[in-house]
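Here's the structure, in structure tokens; my notes come after.
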Amino acid sequence: GPCAMLALTLLFGCGVAFCLGQNDTEPIVLEGKCLVVCDSNPSSDGGVTSSLGISVRSAGAKVAFSAVRGTNHEPSEMSNTSMTIYFDQVLVNIGNHFDLKTSVFQAPRRGIYSFSFHVVKVYNRQTIQVNLMQNDYPVISAFAGDQDVTREAASNGVLLMVEREDRVYLKLERGTLMGGWKYSTFSGFLVFPL
């Protein structure tokens with residue numbers, strides 16, 4: 001049908017070979033960087049879709065980030081209104097979807113993402129609560145409050161279904177990080193698109 005004709009045309013232009021079952025929409029990419037998916041219900045996930053329901057998108061679209069805090073001081077950008085936890089170094093930013101200035105990740109496409117964080121506090125006789133936020137709503141929290149240790153970390157991780165352009169960041173819900181939090185990290189990556 002039309003899908004087979006377009007697939008053969010794109011085969012030579014992109015250097016791709018793939019196989020589809022009669023009712024399947026999941027391709028098997030054998031070689032190359034161009035992906036053709038025949039789908040009777042195409043989605044708007046950033047691919048180019050024709051009126052025939054044929055979607056062409058990059059098979060190499062990868063998304064991952066990892067940010068760290070390399071200094072001990074609390075940044076002046078952290079205000080009492082936002083309480084966003086800011087990072088000052090990016091170790092990995094494949095796809096450039098983590099904004100270091102705002103310390104916010106913005107999803108480029110709908111999918112299942114993995115996020116983890118590790119926020120260090122110094123001995124200050126108070127508990128901290130760190131929330132992972134998705135579009136200004138808390139998803140998961142972590143606590144650190146042992147008063148007998150000099151450094152402690154609030155850590156957690158989660159798999160989330162994220163929509164295109166969703167924003168994910170860390171927020172200090174309770175306590176203070178003043179004087180500490182060097183070596184804190186925030187990381188995430190796309191597990192698979194939906």
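Residues are named by chain letter and number: chains run A, B, ... in the order of the structure tokens, numbers start at 1 in each chain, and ligands are numbered from 1 in the order shown.
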
### Task
Quick one: everything within 7 Å of segment 59-69 of chain A, counting only C-alpha atoms, minus sequence neighbours fewer than 2 positions away in the same chain. Send it as an NGL selection string.
:A and (33-35 or 57 or 71 or 87-95 or 98 or 182-190)

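Near Ser141 of chain A, within 10 Å and counting only C-alpha atoms, sit A:Gln129, A:Val130, A:Asn131, A:Leu132, A:Met133, A:Ala154, A:Ser155, A:Asn156, A:Gly157, A:Leu170, A:Lys171, A:Leu172, A:Glu173, not including residues fewer than 5 positions from it in the same chain.
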
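Between atom CA of Leu160 of chain A and atom CA of Thr176 of chain A the separation is 27.1 Å.
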
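What separates atom CA of Ala142 of chain A from atom CA of Asp99 of chain A is a distance of 22.9 Å.
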
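Take atom CA of Gln126 of chain A and atom CA of Val139 of chain A: the distance between them is 22.7 Å.
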